[in-house]
Amino acid sequence: ILNFGSQFAHLIARRVRDFGVKAEILPFNTSASIIRELQPSGIILSGGPASVLERGSPRPDKEIFDLDIPILGICYGHQVMAHMLGGKVQKGKNREFGKELLTIKERAGIFKNLSPKESVWFSHGDQVSNLPKGFIVTASTAGCAYGAFRHTHKDLFAIQFHPEVTHTQ
């Protein structure tokens with residue numbers, strides 16, 4: 001888990017460990033070479049309080065996206081993935097905080113076995129407004145067109161909501 005300052009980073013790690021998977025929390029700027037040496041089965045980009053629109057906001061080593069390791073971006077991680085890979089992030093018209101109804105457009109991959117609509121917990125002001133090339137939308141809410149997306153050929157996934165909290169069904 002690359003930690004971007006999320007208050008939930010330790011909860012994310014706990015939820016991963018609950019599935020019997022080893023989870024380490026590392027600084028957001030851990031180099032791709034160190035990550036490669038650790039040979040993780042996946043990378044999670046945590047949420048965080050910053051905005052990708054702010055000068056000097058935290059960024060991971062861009063080479064992690066080429067390591068052929070599955071990556072899941074959560075909240076800020078969702079936005080930073082879109083931003084760094086050529087998408088667009090903008091200040092949201094409405095801040096979403098609290099329970100939202102997520103409409104799942106693709107019930108496969110990370111959304112396999114879920115209902116077409118799920119109650120999830122949002123906490124964001126910025127949001128992705130254009131996807132990077134090679135990505136497709138997989139879920140949305142009334143106020144967030146790109147509530148989740150994935151790459152069509154790589155194991156890169158991003159969700160705007162927080163799956164680790166008890167408020168997310």
# chains A, B, ... in the order shown; residues from 1 in each chain; ligands from 1

$ select_by_dssp --residues "segment 33-160 of chain A" --states "alpha helix (DSSP H)" --output "ChimeraX atom specification"
/A:33-38,76-84

$ residues_around --residues "Val21 of chain A" --least-positions-apart "5" --cutoff "12 Å" --atoms "only C-alpha atoms" --output "MDAnalysis selection string"
chainID A and resid 12:16 40:42

$ write_last_selection --atoms "N, CA and C atoms" --output "short mmCIF file (atom, residue, chain, number, x, y, z; two decimals), in the first residue's frame"
data_model
loop_
_atom_site.label_atom_id
_atom_site.label_comp_id
_atom_site.auth_asym_id
_atom_site.auth_seq_id
_atom_site.Cartn_x
_atom_site.Cartn_y
_atom_site.Cartn_z
N ILE A 12 -7.02 -0.05 5.39
CA ILE A 12 -6.86 -0.77 4.12
C ILE A 12 -5.97 -1.99 4.35
N ALA A 13 -4.84 -1.78 5.02
CA ALA A 13 -3.91 -2.89 5.29
C ALA A 13 -4.61 -3.98 6.10
N ARG A 14 -5.37 -3.59 7.08
CA ARG A 14 -6.07 -4.57 7.92
C ARG A 14 -7.06 -5.38 7.09
N ARG A 15 -7.81 -4.70 6.23
CA ARG A 15 -8.79 -5.41 5.39
C ARG A 15 -8.09 -6.40 4.46
N VAL A 16 -6.95 -6.00 3.91
CA VAL A 16 -6.18 -6.90 3.05
C VAL A 16 -5.70 -8.10 3.86
N PRO A 40 5.57 -7.66 -4.94
CA PRO A 40 4.21 -7.73 -4.40
C PRO A 40 3.26 -8.37 -5.41
N SER A 41 2.17 -8.93 -4.90
CA SER A 41 1.14 -9.47 -5.79
C SER A 41 0.23 -8.35 -6.29
N GLY A 42 0.30 -7.19 -5.65
CA GLY A 42 -0.49 -6.05 -6.07
C GLY A 42 -0.08 -4.80 -5.32
#

$ select_by_dssp --residues "chain A" --states "strand (DSSP E)" --output "PyMOL selection string"
chain A and resi 2-3+26-27+43-45+71-74+88-104+117-130+135-140+148-151+156-159

$ atom_distance --atom1 "atom CA of Asp68 of chain A" --atom2 "atom CA of Ala108 of chain A"
20.1 Å

$ closest_residue --among "A:Ile44, A:Ile34, A:Ala142, A:Leu2" --to "Gly73 of chain A" --atoms "only C-alpha atoms"
A:Ile44

$ residues_around --residues "segment 57-61 of chain A" --least-positions-apart "6" --cutoff "6 Å" --atoms "only C-alpha atoms" --output "list in words"
Phe28, Asn29 and Ser31 of chain A

$ residues_around --residues "segment 110-117 of chain A" --least-positions-apart "5" --cutoff "12 Å" --atoms "only C-alpha atoms" --output "VMD selection string"
chain A and resid 70 to 72 100 to 105 138 to 142 148 to 150 155 to 159 163 168 to 169

$ closest_residue --among "A:Leu67, A:His78, A:Gly125, A:Glu164" --to "His10 of chain A" --atoms "only C-alpha atoms"
A:Glu164

$ residues_around --residues "Thr152 of chain A" --least-positions-apart "3" --cutoff "7 Å" --atoms "only C-alpha atoms" --output "ChimeraX atom specification"
/A:134-136

$ write_last_selection --atoms "N, CA and C atoms" --output "PDB file, in the first residue's frame"
ATOM      1  N   GLY A 134      -7.035   4.246 -23.140  1.00  0.00           N
ATOM      2  CA  GLY A 134      -6.957   2.839 -22.802  1.00  0.00           C
ATOM      3  C   GLY A 134      -7.786   2.442 -21.590  1.00  0.00           C
ATOM      4  N   PHE A 135      -8.488   3.395 -20.971  1.00  0.00           N
ATOM      5  CA  PHE A 135      -9.302   3.115 -19.794  1.00  0.00           C
ATOM      6  C   PHE A 135     -10.783   3.212 -20.142  1.00  0.00           C
ATOM      7  N   ILE A 136     -11.603   2.447 -19.396  1.00  0.00           N
ATOM      8  CA  ILE A 136     -13.058   2.513 -19.557  1.00  0.00           C
ATOM      9  C   ILE A 136     -13.710   2.676 -18.193  1.00  0.00           C
TER      10      ILE A 136
END
